[in-house]
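Text of run.txt, listed as compact mmCIF, C-alpha atoms:
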```txt
# COMPACT_ATOMS: atom_id res chain seq x y z
CA MET A 223 -61.49 -14.21 -71.59
CA ARG A 224 -61.91 -11.07 -69.50
CA PRO A 225 -60.90 -7.83 -71.17
CA ASN A 226 -57.94 -5.94 -69.77
CA ILE A 227 -59.70 -2.93 -68.30
CA VAL A 228 -57.82 -0.32 -66.32
CA THR A 229 -60.13 1.48 -63.94
CA GLU A 230 -59.33 4.69 -62.13
CA ALA A 231 -59.44 4.66 -58.33
CA GLY A 232 -62.49 6.25 -56.77
CA LEU A 233 -62.47 9.38 -54.64
CA PRO A 234 -62.56 7.53 -51.28
CA THR A 235 -59.59 5.41 -52.33
CA ARG A 236 -57.67 8.49 -53.42
CA LEU A 237 -58.42 10.26 -50.15
CA ASN A 238 -57.32 7.24 -48.13
CA GLN A 239 -54.08 6.98 -50.08
CA TRP A 240 -53.47 10.72 -49.72
CA TRP A 241 -54.12 10.67 -45.98
CA ALA A 242 -51.96 7.55 -45.51
CA GLY A 243 -49.02 9.51 -46.93
CA VAL A 244 -49.32 12.30 -44.35
CA PRO A 245 -46.75 11.81 -41.54
CA PHE A 246 -47.63 11.40 -37.88
CA ILE A 247 -47.19 14.91 -36.42
CA THR A 248 -48.63 16.70 -39.45
CA SER A 249 -51.75 14.54 -39.45
CA GLY A 250 -51.99 14.90 -35.66
CA VAL A 251 -52.00 18.71 -35.86
CA VAL A 252 -54.67 18.59 -38.56
CA ILE A 253 -56.86 16.28 -36.47
CA VAL A 254 -56.44 18.36 -33.30
CA CYS A 255 -57.27 21.68 -35.00
CA LEU A 256 -60.30 20.22 -36.80
CA ALA A 257 -61.52 18.50 -33.63
CA ILE A 258 -61.22 21.70 -31.59
CA TYR A 259 -63.15 23.65 -34.21
CA LEU A 260 -65.91 21.02 -34.39
CA VAL A 261 -66.23 20.89 -30.59
CA CYS A 262 -66.49 24.68 -30.42
CA LEU A 263 -69.09 24.56 -33.19
CA LEU A 264 -71.18 21.88 -31.44
CA ILE A 265 -71.19 23.50 -28.01
CA GLY A 266 -71.58 27.01 -29.40
CA TYR A 267 -68.30 28.32 -28.01
CA ASP A 268 -67.27 31.59 -29.62
CA SER A 269 -65.48 33.43 -26.78
CA PHE A 270 -62.22 33.60 -28.68
CA TYR A 271 -61.31 36.72 -26.72
CA GLU A 272 -60.49 34.41 -23.81
CA ILE A 273 -58.02 32.21 -25.70
CA CYS A 274 -56.65 34.38 -28.53
CA PHE A 275 -53.20 35.94 -28.47
CA LEU A 276 -53.83 39.36 -26.98
CA PRO A 277 -50.59 41.26 -26.22
CA SER A 278 -52.17 43.48 -23.55
CA LYS A 279 -53.40 40.45 -21.57
CA VAL A 280 -50.12 38.58 -21.97
CA VAL A 281 -48.15 41.55 -20.62
CA SER A 282 -50.50 42.86 -17.91
CA GLY A 283 -52.06 39.59 -16.78
CA PHE A 284 -49.13 37.30 -17.65
CA GLN A 285 -51.55 35.00 -19.49
CA VAL A 286 -48.83 33.02 -21.25
CA TYR A 287 -51.23 30.21 -22.13
CA ARG A 288 -52.62 32.43 -24.89
CA ILE A 289 -49.40 31.94 -26.86
CA TYR A 290 -50.24 28.27 -27.38
CA THR A 291 -54.03 28.19 -27.32
CA ALA A 292 -54.22 30.82 -30.07
CA VAL A 293 -52.59 28.56 -32.69
CA LEU A 294 -55.06 25.71 -32.13
CA PHE A 295 -58.30 27.70 -32.45
CA HIS A 296 -59.78 29.09 -35.67
CA GLY A 297 -62.52 31.60 -36.25
CA SER A 298 -64.43 30.02 -39.14
CA LEU A 299 -64.72 26.91 -41.27
CA LEU A 300 -62.83 28.49 -44.17
CA HIS A 301 -60.14 29.62 -41.77
CA VAL A 302 -59.41 26.14 -40.42
CA VAL A 303 -59.84 24.37 -43.78
CA PHE A 304 -57.46 26.67 -45.67
CA ASN A 305 -54.88 26.53 -42.90
CA MET A 306 -54.95 22.73 -42.70
CA LEU A 307 -54.83 22.31 -46.49
CA ALA A 308 -51.74 24.51 -46.50
CA LEU A 309 -50.23 22.63 -43.55
CA VAL A 310 -50.42 19.16 -45.13
CA PRO A 311 -47.88 19.65 -47.97
CA LEU A 312 -45.60 21.93 -45.94
CA GLY A 313 -45.65 19.80 -42.81
CA THR A 314 -45.26 16.57 -44.79
CA GLU A 315 -42.12 17.78 -46.56
CA LEU A 316 -40.51 19.17 -43.41
CA GLU A 317 -41.40 16.13 -41.32
CA ARG A 318 -39.87 13.80 -43.91
CA ILE A 319 -36.64 15.76 -43.64
CA MET A 320 -36.50 16.48 -39.90
CA GLY A 321 -38.37 13.62 -38.31
CA SER A 322 -41.57 13.64 -36.28
CA VAL A 323 -40.24 14.58 -32.84
CA ARG A 324 -38.03 17.30 -34.28
CA LEU A 325 -40.94 18.84 -36.21
CA LEU A 326 -43.07 18.87 -33.06
CA TYR A 327 -40.31 20.73 -31.23
CA LEU A 328 -39.98 23.11 -34.19
CA ILE A 329 -43.69 23.93 -34.00
CA PHE A 330 -43.34 24.69 -30.30
CA LEU A 331 -40.26 26.83 -30.94
CA LEU A 332 -41.89 28.80 -33.77
CA THR A 333 -45.06 29.32 -31.75
CA THR A 334 -43.02 30.84 -28.93
CA SER A 335 -40.80 32.96 -31.18
CA ASN A 336 -43.79 34.27 -33.14
CA ALA A 337 -45.35 35.44 -29.89
CA VAL A 338 -42.12 37.09 -28.74
CA PHE A 339 -41.76 38.99 -32.02
CA HIS A 340 -45.44 39.94 -31.85
CA LEU A 341 -45.06 41.30 -28.32
CA ILE A 342 -41.89 43.25 -29.11
CA ILE A 343 -43.37 44.95 -32.17
CA ALA A 344 -46.65 45.71 -30.41
CA LEU A 345 -44.83 47.22 -27.42
CA VAL A 346 -42.52 49.29 -29.60
CA VAL A 347 -45.40 50.63 -31.69
CA GLY A 348 -47.59 51.23 -28.65
CA HIS A 349 -45.06 52.93 -26.41
CA ASN A 350 -42.60 54.73 -28.65
CA PRO A 351 -42.20 58.47 -27.95
CA ILE A 352 -42.65 59.56 -31.58
CA SER A 353 -46.07 58.20 -32.52
CA SER A 354 -47.60 55.67 -30.16
CA THR A 355 -50.77 53.67 -30.78
CA LEU A 356 -52.22 50.88 -28.67
CA TYR A 357 -54.07 49.24 -31.55
CA LEU A 358 -51.62 46.34 -31.86
CA MET A 359 -51.72 45.74 -28.10
CA GLN A 360 -55.46 45.15 -28.36
CA GLU A 361 -55.36 42.97 -31.49
CA CYS A 362 -56.77 39.48 -30.85
CA ALA A 363 -55.11 36.91 -33.13
CA ILE A 364 -55.91 33.21 -33.53
CA GLY A 365 -55.04 30.52 -36.05
CA PHE A 366 -52.14 28.37 -37.27
CA SER A 367 -51.26 30.68 -40.15
CA GLY A 368 -48.34 32.35 -38.36
CA ILE A 369 -46.54 29.00 -38.13
CA LEU A 370 -47.47 28.29 -41.75
CA PHE A 371 -45.64 31.43 -42.86
CA SER A 372 -42.59 30.23 -40.90
CA PHE A 373 -42.87 26.86 -42.67
CA ILE A 374 -43.06 28.64 -46.03
CA VAL A 375 -39.81 30.47 -45.33
CA ILE A 376 -38.04 27.29 -44.19
CA GLU A 377 -39.33 25.18 -47.08
CA THR A 378 -38.41 27.86 -49.62
CA ASN A 379 -34.92 27.99 -48.17
CA LEU A 380 -34.59 24.20 -48.32
CA SER A 381 -35.83 23.91 -51.90
CA GLY A 382 -32.96 25.97 -53.29
CA ALA A 383 -35.21 27.29 -56.05
CA GLN A 384 -34.39 30.73 -57.43
CA SER A 385 -38.04 31.61 -58.01
CA ARG A 386 -41.45 30.47 -56.80
CA SER A 387 -44.85 30.53 -58.45
CA VAL A 388 -47.57 32.58 -56.78
CA PHE A 389 -50.87 30.72 -57.19
CA GLY A 390 -49.63 29.57 -60.59
CA LEU A 391 -50.04 33.08 -61.99
CA PHE A 392 -46.53 34.52 -61.98
CA ASN A 393 -43.07 33.82 -60.59
CA VAL A 394 -41.25 35.86 -57.97
CA PRO A 395 -37.75 35.56 -56.44
CA SER A 396 -37.64 33.01 -53.64
CA LYS A 397 -36.51 35.53 -51.04
CA LEU A 398 -39.55 37.71 -51.77
CA TYR A 399 -42.03 34.84 -52.02
CA PRO A 400 -43.22 34.93 -48.34
CA PHE A 401 -43.65 38.71 -48.44
CA ILE A 402 -45.62 38.55 -51.71
CA LEU A 403 -47.94 35.99 -50.13
CA LEU A 404 -48.25 38.22 -47.07
CA VAL A 405 -49.38 41.19 -49.15
CA LEU A 406 -51.73 39.19 -51.39
CA ILE A 407 -53.45 37.43 -48.50
CA GLN A 408 -53.81 40.74 -46.71
CA LEU A 409 -55.49 42.23 -49.80
CA LEU A 410 -57.67 39.24 -50.70
CA ALA A 411 -58.86 38.18 -47.24
CA THR A 412 -60.64 40.14 -44.57
CA ASN A 413 -60.00 40.26 -40.84
CA VAL A 414 -56.43 38.95 -41.24
CA SER A 415 -53.66 39.64 -38.74
CA LEU A 416 -50.87 41.30 -40.69
CA LEU A 417 -48.57 41.37 -37.67
CA GLY A 418 -49.20 37.70 -36.87
CA HIS A 419 -48.21 36.63 -40.40
CA LEU A 420 -45.24 39.00 -40.46
CA CYS A 421 -43.94 37.58 -37.18
CA GLY A 422 -44.18 34.11 -38.71
CA ILE A 423 -41.95 35.24 -41.57
CA LEU A 424 -39.47 36.79 -39.14
CA SER A 425 -39.31 33.57 -37.12
CA GLY A 426 -38.76 31.54 -40.28
CA PHE A 427 -35.84 33.69 -41.37
CA ALA A 428 -34.39 33.70 -37.86
CA TYR A 429 -34.48 29.91 -37.90
CA THR A 430 -32.93 29.48 -41.35
CA TYR A 431 -30.15 31.96 -40.53
CA GLY A 432 -29.22 29.99 -37.42
CA LEU A 433 -30.34 32.48 -34.78
CA PHE A 434 -32.18 29.74 -32.89
CA ASN A 435 -29.28 27.27 -32.87
CA CYS A 436 -28.71 27.79 -29.17
CA LEU A 437 -32.31 26.69 -28.54
CA LEU A 438 -32.07 23.48 -30.56
CA PRO A 439 -31.30 20.34 -28.53
CA GLY A 440 -28.83 17.72 -29.69
CA SER A 441 -29.56 14.31 -31.16
CA SER A 442 -29.38 12.66 -27.72
CA PHE A 443 -32.50 14.59 -26.69
CA TYR A 444 -34.51 13.20 -29.60
CA SER A 445 -33.02 9.73 -29.11
CA SER A 446 -34.15 9.66 -25.49
CA ILE A 447 -37.68 10.64 -26.51
CA GLU A 448 -37.86 8.08 -29.31
CA SER A 449 -36.55 5.34 -27.04
CA SER A 450 -39.06 6.11 -24.29
CA SER A 451 -41.43 3.25 -23.52
CA LEU A 452 -44.27 5.75 -23.06
CA LEU A 453 -44.11 6.66 -26.75
CA SER A 454 -43.55 3.16 -28.13
CA THR A 455 -47.10 3.04 -29.49
CA CYS A 456 -46.68 6.34 -31.33
CA ILE A 457 -43.29 5.40 -32.73
CA ARG A 458 -44.73 2.22 -34.23
CA ARG A 459 -47.37 4.18 -36.10
CA PRO A 460 -46.94 3.90 -39.91
CA GLY A 461 -46.47 7.64 -40.37
CA PHE A 462 -43.94 8.18 -37.59
CA ILE A 463 -40.51 9.23 -38.88
CA LEU A 464 -37.46 8.82 -36.70
CA CYS A 465 -35.12 11.79 -36.58
CA THR A 466 -32.23 9.76 -35.15
CA GLY A 467 -30.89 6.25 -35.62
CA GLY A 468 -32.97 3.13 -35.09
CA THR A 469 -35.73 1.31 -36.88
CA THR A 470 -38.33 3.17 -38.90
CA TYR A 471 -41.63 1.41 -38.49
CA GLY A 472 -43.50 3.34 -41.14
CA ASN A 473 -43.35 3.37 -44.90
CA LEU A 474 -42.30 7.01 -45.09
CA PRO A 475 -38.63 7.76 -45.77
CA THR A 476 -36.46 9.29 -43.10
CA HIS A 477 -33.82 11.64 -44.43
CA SER A 478 -31.47 14.23 -43.06
CA TYR A 479 -28.90 16.73 -44.11
CA THR A 480 -25.49 16.58 -42.47
CA ASN A 481 -22.70 19.04 -42.98
CA GLY A 482 -19.77 20.39 -41.07
CA THR A 483 -20.86 24.01 -41.62
CA SER A 484 -24.15 25.82 -41.95
CA SER A 485 -23.16 28.01 -44.90
CA GLY A 486 -25.18 25.89 -47.33
CA ILE A 487 -28.36 26.48 -45.37
CA ILE A 488 -27.71 30.15 -44.82
CA SER A 489 -27.19 30.70 -48.54
CA GLY A 490 -30.35 28.76 -49.41
CA SER A 491 -28.42 26.10 -51.33
CA LEU A 492 -28.99 23.05 -49.14
CA TRP A 493 -30.65 20.96 -51.81
CA ARG A 494 -27.96 21.80 -54.33
CA ASN A 495 -25.33 20.41 -51.98
CA LEU A 496 -26.89 16.95 -52.28
CA SER A 497 -26.42 15.04 -55.51
CA SER A 498 -28.65 12.15 -54.52
CA TRP A 499 -30.13 10.50 -51.50
CA MET A 500 -29.30 6.85 -51.04
CA PRO A 501 -31.92 4.29 -50.01
CA ARG A 502 -32.00 3.60 -46.30
CA ARG A 503 -29.61 1.04 -44.92
CA GLU A 504 -29.80 -0.89 -41.68
CA THR A 505 -26.78 0.96 -40.23
CA THR A 506 -26.03 4.62 -40.74
CA VAL A 507 -23.35 6.51 -38.86
CA GLN A 508 -22.83 10.23 -39.16
CA SER A 509 -19.64 12.04 -38.36
CA THR A 510 -21.02 15.57 -38.28
CA GLN A 511 -24.51 17.04 -38.26
CA ASP A 512 -26.23 20.26 -39.03
CA PRO A 513 -27.97 21.09 -35.72
CA ARG A 514 -31.24 21.91 -37.47
CA PHE A 515 -31.72 19.06 -39.93
CA PRO A 516 -30.01 15.93 -38.61
CA GLY A 517 -31.53 12.47 -39.01
CA ARG A 518 -30.70 9.09 -40.46
CA GLY A 519 -29.51 10.15 -43.90
CA ARG A 520 -25.95 10.18 -45.21
CA THR A 521 -23.82 13.07 -46.38
CA LEU A 522 -23.16 12.76 -50.09
CA ALA A 523 -21.11 14.81 -52.51
CA SER A 524 -22.33 17.99 -54.14
CA THR A 525 -22.20 16.47 -57.64
CA HIS A 526 -22.40 13.02 -59.15
CA ASN A 527 -18.76 13.28 -60.22
CA GLN A 528 -17.74 13.29 -56.56
CA SER A 529 -19.55 10.11 -55.59
CA ALA A 530 -16.33 8.18 -55.04
CA SER A 531 -14.91 10.76 -52.65
CA ALA A 532 -18.21 10.87 -50.74
CA ALA A 533 -18.05 7.10 -50.26
CA GLU A 534 -14.54 7.14 -48.81
CA PRO A 535 -15.50 8.12 -45.23
CA ASP A 536 -18.18 5.44 -45.22
CA MET A 537 -15.73 2.82 -46.52
CA GLY A 538 -13.23 3.77 -43.85
CA LEU A 539 -16.00 3.51 -41.30
CA GLN A 540 -16.88 0.02 -42.51
CA THR A 541 -13.24 -1.02 -42.09
CA ARG A 542 -13.06 0.41 -38.58
CA LEU A 543 -16.31 -1.30 -37.60
CA LEU A 544 -14.90 -4.55 -38.94
CA ASP A 545 -11.70 -4.08 -36.93
CA ASP A 546 -13.70 -3.32 -33.78
CA SER A 547 -15.88 -6.38 -34.23
CA VAL A 548 -12.83 -8.60 -34.59
CA THR A 549 -11.02 -7.21 -31.56
CA SER A 550 -14.10 -6.95 -29.32
CA HIS A 551 -14.87 -10.69 -29.51
CA PRO A 552 -11.54 -12.51 -29.02
CA SER A 553 -13.19 -15.68 -27.75
CA GLU A 554 -15.08 -16.15 -31.00
CA THR A 555 -12.07 -15.73 -33.31
CA PRO A 556 -8.78 -17.69 -33.39
CA LEU A 557 -5.98 -15.60 -31.98
CA MET A 558 -3.43 -14.49 -34.59
CA THR A 559 -0.45 -12.26 -34.04
CA GLY A 560 2.15 -10.61 -36.20
CA PRO A 561 1.96 -10.23 -39.97
CA ARG A 562 -0.63 -13.00 -40.43
CA ALA A 563 -3.20 -11.23 -38.26
CA SER A 564 -2.60 -7.94 -40.03
CA ASP A 565 -2.86 -9.51 -43.48
CA ALA A 566 -6.09 -11.31 -42.60
CA ARG A 567 -7.62 -8.11 -41.25
CA ASN A 568 -6.62 -6.09 -44.30
CA LEU A 569 -7.98 -8.75 -46.65
CA THR A 570 -11.33 -8.85 -44.89
CA GLY A 571 -11.47 -5.06 -44.75
CA ASP A 572 -10.71 -4.75 -48.48
CA THR A 573 -13.48 -7.23 -49.26
CA GLN A 574 -15.96 -5.24 -47.17
CA VAL A 575 -14.88 -1.97 -48.77
CA ALA A 576 -15.24 -3.40 -52.27
CA ALA A 577 -18.73 -4.71 -51.51
CA SER A 578 -19.76 -1.34 -50.04
CA LEU A 579 -18.43 0.55 -53.04
CA ALA A 580 -20.22 -1.79 -55.46
CA ALA A 581 -23.54 -1.32 -53.64
CA TYR A 582 -23.03 2.45 -53.55
CA THR A 583 -22.27 2.59 -57.28
CA GLN A 584 -25.29 0.46 -58.15
CA ALA A 585 -27.64 2.61 -56.06
CA THR A 586 -26.22 5.81 -57.56
CA ASP A 587 -26.67 4.48 -61.10
CA SER A 588 -30.26 3.52 -60.29
CA PHE A 589 -30.94 7.01 -58.96
CA ASP A 590 -29.42 8.58 -62.07
CA GLU A 591 -31.57 6.43 -64.35
CA GLU A 592 -34.77 7.34 -62.55
CA LEU A 593 -33.77 11.02 -62.60
CA LYS A 594 -33.19 10.89 -66.37
CA LYS A 595 -36.65 9.35 -66.84
CA LEU A 596 -38.28 12.15 -64.87
CA VAL A 597 -36.39 14.78 -66.87
CA ALA A 598 -37.44 13.06 -70.09
CA MET A 599 -41.06 13.34 -68.94
CA GLY A 600 -40.69 17.13 -68.93
CA PHE A 601 -39.94 17.87 -65.27
CA GLU A 602 -37.25 20.38 -64.34
CA LYS A 603 -34.06 18.58 -63.29
CA THR A 604 -33.55 20.26 -59.93
CA GLN A 605 -37.16 19.77 -58.87
CA ALA A 606 -37.10 16.19 -60.12
CA GLU A 607 -33.96 15.47 -58.12
CA VAL A 608 -35.46 16.92 -54.94
CA ALA A 609 -38.73 15.02 -55.44
CA LEU A 610 -36.92 11.74 -56.14
CA ALA A 611 -34.80 12.26 -53.04
CA ALA A 612 -37.86 12.95 -50.88
CA ALA A 613 -39.50 9.83 -52.35
CA ASP A 614 -36.50 7.71 -51.33
CA GLY A 615 -35.82 6.79 -54.95
CA ASP A 616 -39.39 5.70 -55.76
CA PRO A 617 -40.25 7.25 -59.16
CA ASN A 618 -44.01 6.86 -58.67
CA VAL A 619 -44.00 8.81 -55.41
CA ALA A 620 -41.66 11.38 -56.99
CA ILE A 621 -44.12 11.93 -59.85
CA GLU A 622 -46.93 12.47 -57.34
CA ILE A 623 -44.83 15.06 -55.50
CA LEU A 624 -43.98 16.88 -58.72
CA MET A 625 -47.58 16.87 -59.93
CA SER A 626 -48.79 18.21 -56.58
CA GLN A 627 -46.23 21.03 -56.76
CA GLU A 628 -47.34 21.96 -60.26
CA GLY A 629 -50.96 21.86 -59.20
```
As structure tokens, what does this structure read like?
Amino acid sequence: MRPNIVTEAGLPTRLNQWWAGVPFITSGVVIVCLAIYLVCLLIGYDSFYEICFLPSKVVSGFQVYRIYTAVLFHGSLLHVVFNMLALVPLGTELERIMGSVRLLYLIFLLTTSNAVFHLIIALVVGHNPISSTLYLMQECAIGFSGILFSFIVIETNLSGAQSRSVFGLFNVPSKLYPFILLVLIQLLATNVSLLGHLCGILSGFAYTYGLFNCLLPGSSFYSSIESSSLLSTCIRRPGFILCTGGTTYGNLPTHSYTNGTSSGIISGSLWRNLSSWMPRRETTVQSTQDPRFPGRGRTLASTHNQSASAAEPDMGLQTRLLDDSVTSHPSETPLMTGPRASDARNLTGDTQVAASLAAYTQATDSFDEELKKLVAMGFEKTQAEVALAAADGDPNVAIEILMSQEG
């Protein structure tokens, strides 16, 4: 009889599992940045002055391409490795919430806004009548870290946490967390662009406060991209996350936040407005959407005590869908008129509503049980709830998320 031996997975297996959990766009950015650095290393290319973000060249020579080439190139191995290691957890969390196409558009938007802020500050400092200096106009900046600072601001706003840990050493208020990181990195690292990182923070706050809402396309834009035959291969990739309705081909959850107003996001309380995230269903219909974080998820109540009221719109929707299906196919259903037709419709609708409510209650109870287990293991309730929601109700994945955050 063979002994029951539990062996720990080796390093290659762990790396494969870790990489398999990285969504499509996040992993794609990592691969592109690493590949560009390796190619530059192999061919001996080091003329970063030609591709970096240089305000004087952008203004005088209208070299707009520098805005986008600068974020893909890195100056050293440590530079690209640290940036990509920071991108993986941040990009993974945001891509799970927004969807792959939406995150790609967000990266493009933040890249552009960072450059605009950079140019404005450099021009003001360089040409103001009080004390002008052209140093910032001649500063050559490269790297993905500006976008990373924007991601930090957005992720901190989404988490709803009142404080954040800085390298596991001490806690600071969430609103000050990006600025504390800015100062520490500026003190600990050499040859770092203070203005580039600061512009990333400004773009992140501008996004979370809704200043870019006019630049964000509607759901139909993302739907048209996801339904394009040219991208069918990408969409079927395991890590691709749909940001609108349809079938998710990967194993990663697709969530969203929907709300009639944006006050929850502006106040940094988005996660507190969600009591739980239900497992994905084949059909999800949303009545209203936040223009920044829409997707396939459902709007739930702010507390578990309001679960019944949160289910009411969905139950009414089920009844209306049932009515539409009955009336849209008259040839398939015997024609009934008068009170009998109305009674039959109401009976069928009540049955559907009862089944929906029973499934909703069962899923909510399951979520509550898993949340209590995580709290009993010593995790903080709010963080455990967010992790369990991001893991689509899977306690094992939630534990991995919580452990990675503590690490």
Which distance in Å separates atom CA of A:Tyr290 and atom CA of A:Ser381, to one decimal?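 Distance between the two atoms: 28.8 Å.
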With distances taken over only C-alpha atoms, which of A:Ile329, A:Leu312, A:Leu610, A:Leu406 is nearest to A:Val597?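 Residue with the minimum atom-to-atom distance to A:Val597: A:Leu610.
One distance worth recording is that between atom CA of A:Gly321 and atom CA of A:Phe339, which is 26.4 Å.
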With distances taken over all atoms listed in the file, which residue among A:Val323, A:Val414, A:Val261, A:Glu592 lies nearest A:Tyr444?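 Selected residue with least distance to A:Tyr444: A:Val323.
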Work out how far atom CA of A:Val347 is from atom CA of A:Ile364, in Å to one decimal.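 We find that atom CA of A:Ile364 and atom CA of A:Val347 lie 20.4 Å from each other.
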Taking (-54.9, 22.9, -39.0) in the file's own coordinates, collect the residues within 9 Å, counting all atoms listed in the file, and hand them back as a compact mmCIF listing (two decimals) with C-alpha atoms, in the frame of the given file.
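As written to disk, selection-v9.txt reads:
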```txt
# COMPACT_ATOMS: atom_id res chain seq x y z
CA THR A 248 -48.63 16.70 -39.45
CA SER A 249 -51.75 14.54 -39.45
CA VAL A 251 -52.00 18.71 -35.86
CA VAL A 252 -54.67 18.59 -38.56
CA ILE A 253 -56.86 16.28 -36.47
CA VAL A 254 -56.44 18.36 -33.30
CA CYS A 255 -57.27 21.68 -35.00
CA LEU A 256 -60.30 20.22 -36.80
CA VAL A 293 -52.59 28.56 -32.69
CA LEU A 294 -55.06 25.71 -32.13
CA PHE A 295 -58.30 27.70 -32.45
CA HIS A 296 -59.78 29.09 -35.67
CA HIS A 301 -60.14 29.62 -41.77
CA VAL A 302 -59.41 26.14 -40.42
CA VAL A 303 -59.84 24.37 -43.78
CA PHE A 304 -57.46 26.67 -45.67
CA ASN A 305 -54.88 26.53 -42.90
CA MET A 306 -54.95 22.73 -42.70
CA LEU A 307 -54.83 22.31 -46.49
CA ALA A 308 -51.74 24.51 -46.50
CA LEU A 309 -50.23 22.63 -43.55
CA VAL A 310 -50.42 19.16 -45.13
CA GLY A 365 -55.04 30.52 -36.05
CA PHE A 366 -52.14 28.37 -37.27
CA SER A 367 -51.26 30.68 -40.15
```
I need the residue nearest A:Ile258 from this list: A:Thr235, A:Ser454, A:Ser322, A:Thr291. Use all atoms listed in the file for the distance.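 Answer, going by the shortest atom-to-atom distance: A:Thr291.
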N, CA, C and O atoms modelled onto stretch 408-420 of chain A, as a PDB file, in the coordinates of the input:
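After the write, part16.pdb holds the following:
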```
ATOM      1  N   GLN A 408     -53.276  39.584 -47.418  1.00  0.00           N
ATOM      2  CA  GLN A 408     -53.810  40.740 -46.710  1.00  0.00           C
ATOM      3  C   GLN A 408     -54.820  41.503 -47.568  1.00  0.00           C
ATOM      4  O   GLN A 408     -55.806  42.033 -47.053  1.00  0.00           O
ATOM      5  N   LEU A 409     -54.585  41.523 -48.897  1.00  0.00           N
ATOM      6  CA  LEU A 409     -55.490  42.230 -49.800  1.00  0.00           C
ATOM      7  C   LEU A 409     -56.728  41.410 -50.131  1.00  0.00           C
ATOM      8  O   LEU A 409     -57.826  41.958 -50.283  1.00  0.00           O
ATOM      9  N   LEU A 410     -56.571  40.091 -50.255  1.00  0.00           N
ATOM     10  CA  LEU A 410     -57.670  39.240 -50.700  1.00  0.00           C
ATOM     11  C   LEU A 410     -58.586  38.798 -49.575  1.00  0.00           C
ATOM     12  O   LEU A 410     -59.772  38.548 -49.802  1.00  0.00           O
ATOM     13  N   ALA A 411     -58.064  38.677 -48.371  1.00  0.00           N
ATOM     14  CA  ALA A 411     -58.860  38.180 -47.240  1.00  0.00           C
ATOM     15  C   ALA A 411     -59.165  39.315 -46.285  1.00  0.00           C
ATOM     16  O   ALA A 411     -58.440  40.315 -46.212  1.00  0.00           O
ATOM     17  N   THR A 412     -60.237  39.144 -45.551  1.00  0.00           N
ATOM     18  CA  THR A 412     -60.640  40.140 -44.570  1.00  0.00           C
ATOM     19  C   THR A 412     -60.343  39.642 -43.163  1.00  0.00           C
ATOM     20  O   THR A 412     -60.274  38.443 -42.916  1.00  0.00           O
ATOM     21  N   ASN A 413     -60.209  40.575 -42.252  1.00  0.00           N
ATOM     22  CA  ASN A 413     -60.000  40.260 -40.840  1.00  0.00           C
ATOM     23  C   ASN A 413     -58.776  39.356 -40.651  1.00  0.00           C
ATOM     24  O   ASN A 413     -58.820  38.332 -39.956  1.00  0.00           O
ATOM     25  N   VAL A 414     -57.671  39.724 -41.292  1.00  0.00           N
ATOM     26  CA  VAL A 414     -56.430  38.950 -41.240  1.00  0.00           C
ATOM     27  C   VAL A 414     -55.407  39.727 -40.425  1.00  0.00           C
ATOM     28  O   VAL A 414     -55.276  40.947 -40.575  1.00  0.00           O
ATOM     29  N   SER A 415     -54.675  39.015 -39.587  1.00  0.00           N
ATOM     30  CA  SER A 415     -53.660  39.640 -38.740  1.00  0.00           C
ATOM     31  C   SER A 415     -52.370  39.809 -39.528  1.00  0.00           C
ATOM     32  O   SER A 415     -51.624  38.840 -39.744  1.00  0.00           O
ATOM     33  N   LEU A 416     -52.101  41.021 -39.962  1.00  0.00           N
ATOM     34  CA  LEU A 416     -50.870  41.300 -40.690  1.00  0.00           C
ATOM     35  C   LEU A 416     -49.641  41.071 -39.816  1.00  0.00           C
ATOM     36  O   LEU A 416     -48.648  40.470 -40.245  1.00  0.00           O
ATOM     37  N   LEU A 417     -49.706  41.523 -38.567  1.00  0.00           N
ATOM     38  CA  LEU A 417     -48.570  41.370 -37.670  1.00  0.00           C
ATOM     39  C   LEU A 417     -48.312  39.909 -37.336  1.00  0.00           C
ATOM     40  O   LEU A 417     -47.158  39.487 -37.240  1.00  0.00           O
ATOM     41  N   GLY A 418     -49.372  39.116 -37.168  1.00  0.00           N
ATOM     42  CA  GLY A 418     -49.200  37.700 -36.870  1.00  0.00           C
ATOM     43  C   GLY A 418     -48.482  36.970 -37.997  1.00  0.00           C
ATOM     44  O   GLY A 418     -47.582  36.153 -37.758  1.00  0.00           O
ATOM     45  N   HIS A 419     -48.867  37.262 -39.251  1.00  0.00           N
ATOM     46  CA  HIS A 419     -48.210  36.630 -40.400  1.00  0.00           C
ATOM     47  C   HIS A 419     -46.780  37.147 -40.554  1.00  0.00           C
ATOM     48  O   HIS A 419     -45.868  36.373 -40.877  1.00  0.00           O
ATOM     49  N   LEU A 420     -46.572  38.434 -40.337  1.00  0.00           N
ATOM     50  CA  LEU A 420     -45.240  39.000 -40.460  1.00  0.00           C
ATOM     51  C   LEU A 420     -44.291  38.402 -39.424  1.00  0.00           C
ATOM     52  O   LEU A 420     -43.120  38.104 -39.736  1.00  0.00           O
TER      53      LEU A 420
END
```
